[in-house]
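Enquirer: Mind looking over this structure? Questions follow.
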Amino acid sequence: MALVTDALEIRYGARCAVHPTSLTLEPSGFVALVGPNGAGKSSLLKALAGLSSHTGTITWQGRALGTLASRERARTIGYLAQASTVHWPLNARDVVTLGRLAHGRYGVAPTAADREAVEWALAQTATAGLADRSVSALSVGERARVLLARALAVRAPVLLVDEPIAMLDPFHQLEVMGVLSRYARGAAGGAPALVVAVLHDLTLAARFCGRVLLMSEGRVVEDGTPATTLSADSVRRHYHVEPFVTQHESEPVVVPWRSLADGVQRARD
Amino acid sequence: MSATLSTGRHWRLCAALGVLVLAAAALSLLLGRSSGGPTIGFGGPELGAVILREIRLPRTLLALLVGGTLGLCGAALQGLLLNPLAEPGLLGASSGAALGAVLVFYFGLAGGDSLLLPLGAVAGSLLSLALLYALAGKSSDLLTVVLAGIAINAFTAALTSLVLNFAPSPYAALEILFWMLGSLADRSLVHVWLALPLMIPGWLLVIAAARGLDALTLGEETAASLGFDPRRTQWLVVTGTALAVGGAVAVTGVVGFVGLVVPHLLRPWVGHHPSRLLLPSFLGGALLATLADSTIRLMPPGPELKLGVVTALLGAPFFLRLVISSRNAAAN
């Protein structure tokens with residue numbers, strides 16, 4: 001009863017983006033997927049969402065992802081793409097309502113459940129005040145929150161989000177991490193869910209997520225609690241930065257402090 | 001709350017457009033054209049029935065069907081390509097149909113009202129669609145499809161010029177040119193029956209893509225994650241457009257710009273929602289074509305102005321304005 005990959009491998013032509021990876025992601029929990037640029041985080045997330053071709057298998061609750069009807073997969077796995085865009089200037093509420101397309105009823109007439117889910121998602125992301133404004137008139141950060149609301153509105157048992165806080169100010173970064181954490185716990189008014197988020201902020205990953213997967217060069221090289229995965233040694237080795245690791249209010253703080261010479265050398269290569 | 005509100009507004013817009021379409025159709029049925037200039041009414045009961053059935057009814061029906069097809073397909077293509085400048089002519093279906101018709105002319109197979117002409121156009125349209133798929137292959141890339149459409153347009157235009165070049169007589173060349181200008185004059189109900197079997201499946205395919213077009217608003221990847229394979233949406237819209245527009249061109253020649261202008265004008269009225277734009281665009285296209293054709297019949301006597309010329313004269317400045325406003329938007 002989990003999201004399981006077995007020997008999952010992703011290739012783009014000759015280049016191997018993700019080397020054979022076997023993972024078991026429990027059906028509830030907030031998992032961070034971290035790692036340097038180009039490590040294969042987005043490729044892995046896309047494959048987990050059933051959106052890219054790969055070898056090996058991915059199963060959800062024992063059923064291969066590829067055998068699910070596309071609509072059923074859409075209801076099961078919500079996905080928020082990195083830096084997603086909205087191509088027409090719809091108003092924010094209409095954008096969030098697009099998430100209900102996964103349930104296949106929207107477009108005929110939104111049901112009470114659709115409307116309830118949309119208002120709930122707007123409230124979760126504090127975008128209800130923006131609901132009647134055109135997304136083209138919103139700031140980048142506001143739009144990012146509306147798009148997160150769109151993904152939440154699917155109310156899927158699995159939610160995969162690619163860099164959900166990259167465009168946000170510190171206040172909204174904390175708020176969104178809180179939203180995702182509550183969604184995973186089922187404390188946001190639904191069943192507990194699996195949330196996997198690609199993150200670059202190591203402190204937020206360590207504070208909010210129960211499990212951290214660290215990828216480097218197409219492999220999951222560390223997998224465990226934040227304390228082990230984001231230890232000073234691990235950050236040094238995989239990110240090539242000297243971190244400042246401490247605790248504040250008995251929660252971990254991991255701040256990249258200085259780039260290391262071996263990383264500089266690698267960046268040149 | 002707003003979702004239901006905008007759905008309500010959508011139906012009110014459709015109802016309003018529907019009433020306007022009916023009024024325009026009534027006007028088109030009443031409007032006549034004689035050597036003395038435009039007339040109103042039918043001039044006698046027996047003659048009236050004949051005029052109505054043989055001349056004005058086919059003309060009005062074709063204006064509604066062709067205008068509606070162009071509006072609907074324009075809206076769907078703009079949604080598919082995420083580009084407000086897309087147009088049914090883009091995919092090469094119109095020019096392929098035109099080439100098919102021109103070849104029929106060239107080989108002297110068609111007098112003005114022969115059925116071979118529309119049949120040739122339908123064949124040309126379907127061939128250009130097949131060529132489109134052969135060129136674009138299994139590529140799910142929209143850009144490839146558009147480039148293939150442009151290539152087909154260029155190729156069929158070259159072949160059409162070739163046919164004109166070798167036209168057996170200046171009269172034949174003139175006849176071909178006039179046909180290509182696009183007109184609803186001198187059509188019969190047979191033309192309606194010829195176009196409908198292509199138009200109806202075309203419309204249905206396009207309408208089946210409606211929710212896929214909504215999903216595409218969020219990009220191809222997110223659309224796929226919502227359960228709407230962009231390749232399926234693309235297949236529905238491209239095939240539907242080729243069928244319906246091929247049918248339209250087969251009976252009227254090339255009528256441009258309706259598919260560009262109508263969806264663009266109506267888009268703000270439906271909150272820029274791709275699926276909610278489809279039905280209003282159908283009605284708006286029908287309205288525009290019917291009014292344009294009625295205007296033609298209000299002109300003083302002389303050589304009749306072609307419908308394609310009128311829509312191009314109306315559409316080209318509109319297109320320019322669009323380009324300028326999008327350039328200004330890009331500059332800001």
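In the structure tokens, each chain is lettered A, B, ... as it comes, each chain's residues begin at 1, and ligands are numbered from 1 in order of appearance.
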Up to 9 Å from chain A, what residues of chain B turn up? Count only C-alpha atoms and give them as a ChimeraX atom specification.

Expert: /B:1-4,7,79,82-83,210-212,214-219,221-222,224-229,271-276

Enquirer: Which residues, written as a list in words, have at least one atom at most 9 Å from Thr225 (chain A), with only C-alpha atoms counted and residues fewer than 6 positions away on the same chain left out?

Expert: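 Listing them by chain and then by number gives Ala206, Cys209, Gly210, Arg211, Val212 and Leu213 of chain A.
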
Enquirer: What's around Val262 (chain B) at 10 Å? Count only C-alpha atoms, leave out sequence neighbours fewer than 3 positions away in its own chain, and write the answer as a list of chain:residue names.

Expert: B:Gly67, B:Gly68, B:Leu70, B:Gly71, B:Leu72, B:Gly74, B:Ala75, B:Phe257, B:Val258, B:Gly259, B:Leu265, B:Leu266, B:Arg267, B:Leu277, B:Pro280, B:Ser281, B:Phe282, B:Leu283, B:Gly284, B:Gly285, B:Ala286, B:Leu287, B:Leu288, B:Gly315

Enquirer: Write out the residues from the selection above, keeping C-alpha atoms, as a PDB file, in the first residue's frame.

Expert:
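Wrote it out as part_13.pdb, contents follow:
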ATOM      1  CA  GLY B  67     -19.238  30.717 -40.648  1.00  0.00           C
ATOM      2  CA  GLY B  68     -19.963  28.483 -37.665  1.00  0.00           C
ATOM      3  CA  LEU B  70     -14.693  28.596 -39.169  1.00  0.00           C
ATOM      4  CA  GLY B  71     -15.501  30.195 -35.804  1.00  0.00           C
ATOM      5  CA  LEU B  72     -15.560  26.884 -33.935  1.00  0.00           C
ATOM      6  CA  GLY B  74     -10.587  28.861 -35.028  1.00  0.00           C
ATOM      7  CA  ALA B  75     -11.432  28.842 -31.325  1.00  0.00           C
ATOM      8  CA  PHE B 257     -10.240  35.577 -41.084  1.00  0.00           C
ATOM      9  CA  VAL B 258     -13.626  34.501 -39.639  1.00  0.00           C
ATOM     10  CA  GLY B 259     -11.804  31.825 -37.632  1.00  0.00           C
ATOM     11  CA  LEU B 265     -13.488  39.078 -30.020  1.00  0.00           C
ATOM     12  CA  LEU B 266     -15.504  36.680 -27.879  1.00  0.00           C
ATOM     13  CA  ARG B 267     -12.693  35.414 -25.642  1.00  0.00           C
ATOM     14  CA  LEU B 277     -15.320  29.795 -26.141  1.00  0.00           C
ATOM     15  CA  PRO B 280     -20.104  31.187 -28.787  1.00  0.00           C
ATOM     16  CA  SER B 281     -17.462  31.124 -31.532  1.00  0.00           C
ATOM     17  CA  PHE B 282     -19.627  28.813 -33.624  1.00  0.00           C
ATOM     18  CA  LEU B 283     -22.575  31.191 -33.230  1.00  0.00           C
ATOM     19  CA  GLY B 284     -20.410  34.275 -33.725  1.00  0.00           C
ATOM     20  CA  GLY B 285     -18.897  32.837 -36.900  1.00  0.00           C
ATOM     21  CA  ALA B 286     -22.339  31.999 -38.247  1.00  0.00           C
ATOM     22  CA  LEU B 287     -23.486  35.535 -37.406  1.00  0.00           C
ATOM     23  CA  LEU B 288     -20.489  37.206 -39.025  1.00  0.00           C
ATOM     24  CA  GLY B 315     -10.112  40.784 -41.093  1.00  0.00           C
TER      25      GLY B 315
END

Enquirer: Could you tell me, as JSON, numbers by chain, which residues of region 3-105 of chain B DSSP assigns to alpha helix (DSSP H) when given the backbone?

Expert: {"B": [3, 4, 5, 6, 7, 8, 9, 10, 11, 12, 13, 14, 15, 16, 17, 18, 19, 20, 21, 22, 23, 24, 25, 26, 27, 28, 29, 30, 45, 46, 47, 48, 49, 50, 51, 57, 58, 59, 60, 61, 62, 63, 64, 65, 66, 67, 68, 69, 70, 71, 72, 73, 74, 75, 76, 77, 78, 79, 80, 81, 93, 94, 95, 96, 97, 98, 99, 100, 101, 102, 103, 104, 105]}

Enquirer: Identify, on the basis of only C-alpha atoms, every residue whose closest approach to Arg185 (chain A) does not exceed 7 Å; exclude the query and any residue fewer than 3 positions from it along the same chain; express the result as a PDB file with C-alpha atoms, in the first residue's frame.

Expert:
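Okay, this is what ended up in result-v8.pdb:
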ATOM      1  CA  SER A  28       1.347   9.091   4.115  1.00  0.00           C
ATOM      2  CA  GLY A  29       4.119  11.468   5.009  1.00  0.00           C
ATOM      3  CA  SER A 181       2.761  19.229   5.946  1.00  0.00           C
ATOM      4  CA  ARG A 182      -0.889  19.453   7.067  1.00  0.00           C
ATOM      5  CA  PRO A 192      -3.466  11.449   5.260  1.00  0.00           C
ATOM      6  CA  ALA A 193      -1.550  11.692   1.997  1.00  0.00           C
TER       7      ALA A 193
END

Enquirer: Report the distance between CA of Val255 (chain A) and CA of Pro243 (chain A) in Å, rounded to one decimal place.

Expert: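 Here the two named atoms are 5.4 Å from each other.
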
Enquirer: CA of Glu304 (chain B) to CA of Thr160 (chain B): how many Å, to one decimal?

Expert: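 So the answer is 23.8 Å.
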
Enquirer: For Leu57 (chain B), which residue out of B:Val163, B:Val122, B:Val190, B:Leu91 is the nearest one, using only C-alpha atoms?

Expert: B:Val190

Enquirer: Can you work out the spacing between CA of Leu20 (chain B) and CA of Ala292 (chain B) in Å, to one decimal?

Expert: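 Between CA of Leu20 (chain B) and CA of Ala292 (chain B) the gap works out to 13.7 Å.
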
Enquirer: Going by DSSP on the backbone, which residues of region 9-227 of chain A come out as strand (DSSP E or B)? List them as an MDAnalysis selection string.

Expert: chainID A and resid 9:12 15:25 29:34 55:60 63:64 77:80 91 134 158:162 194:198 211:216 219:224

Enquirer: Do a neighbour search on region 26-30 of chain B at 12 Å with only C-alpha atoms, toss out local chain neighbours closer than 3 positions, and write the hits as a ChimeraX atom specification.

Expert: /B:19-23,33,38-43,48-49,51-64,184,286-298

Enquirer: For Pro230 (chain B), which residue among B:Val146, B:Ala209, B:Ala134, B:Ala242 is the nearest when counting only C-alpha atoms?

Expert: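 Closest candidate: B:Ala209.
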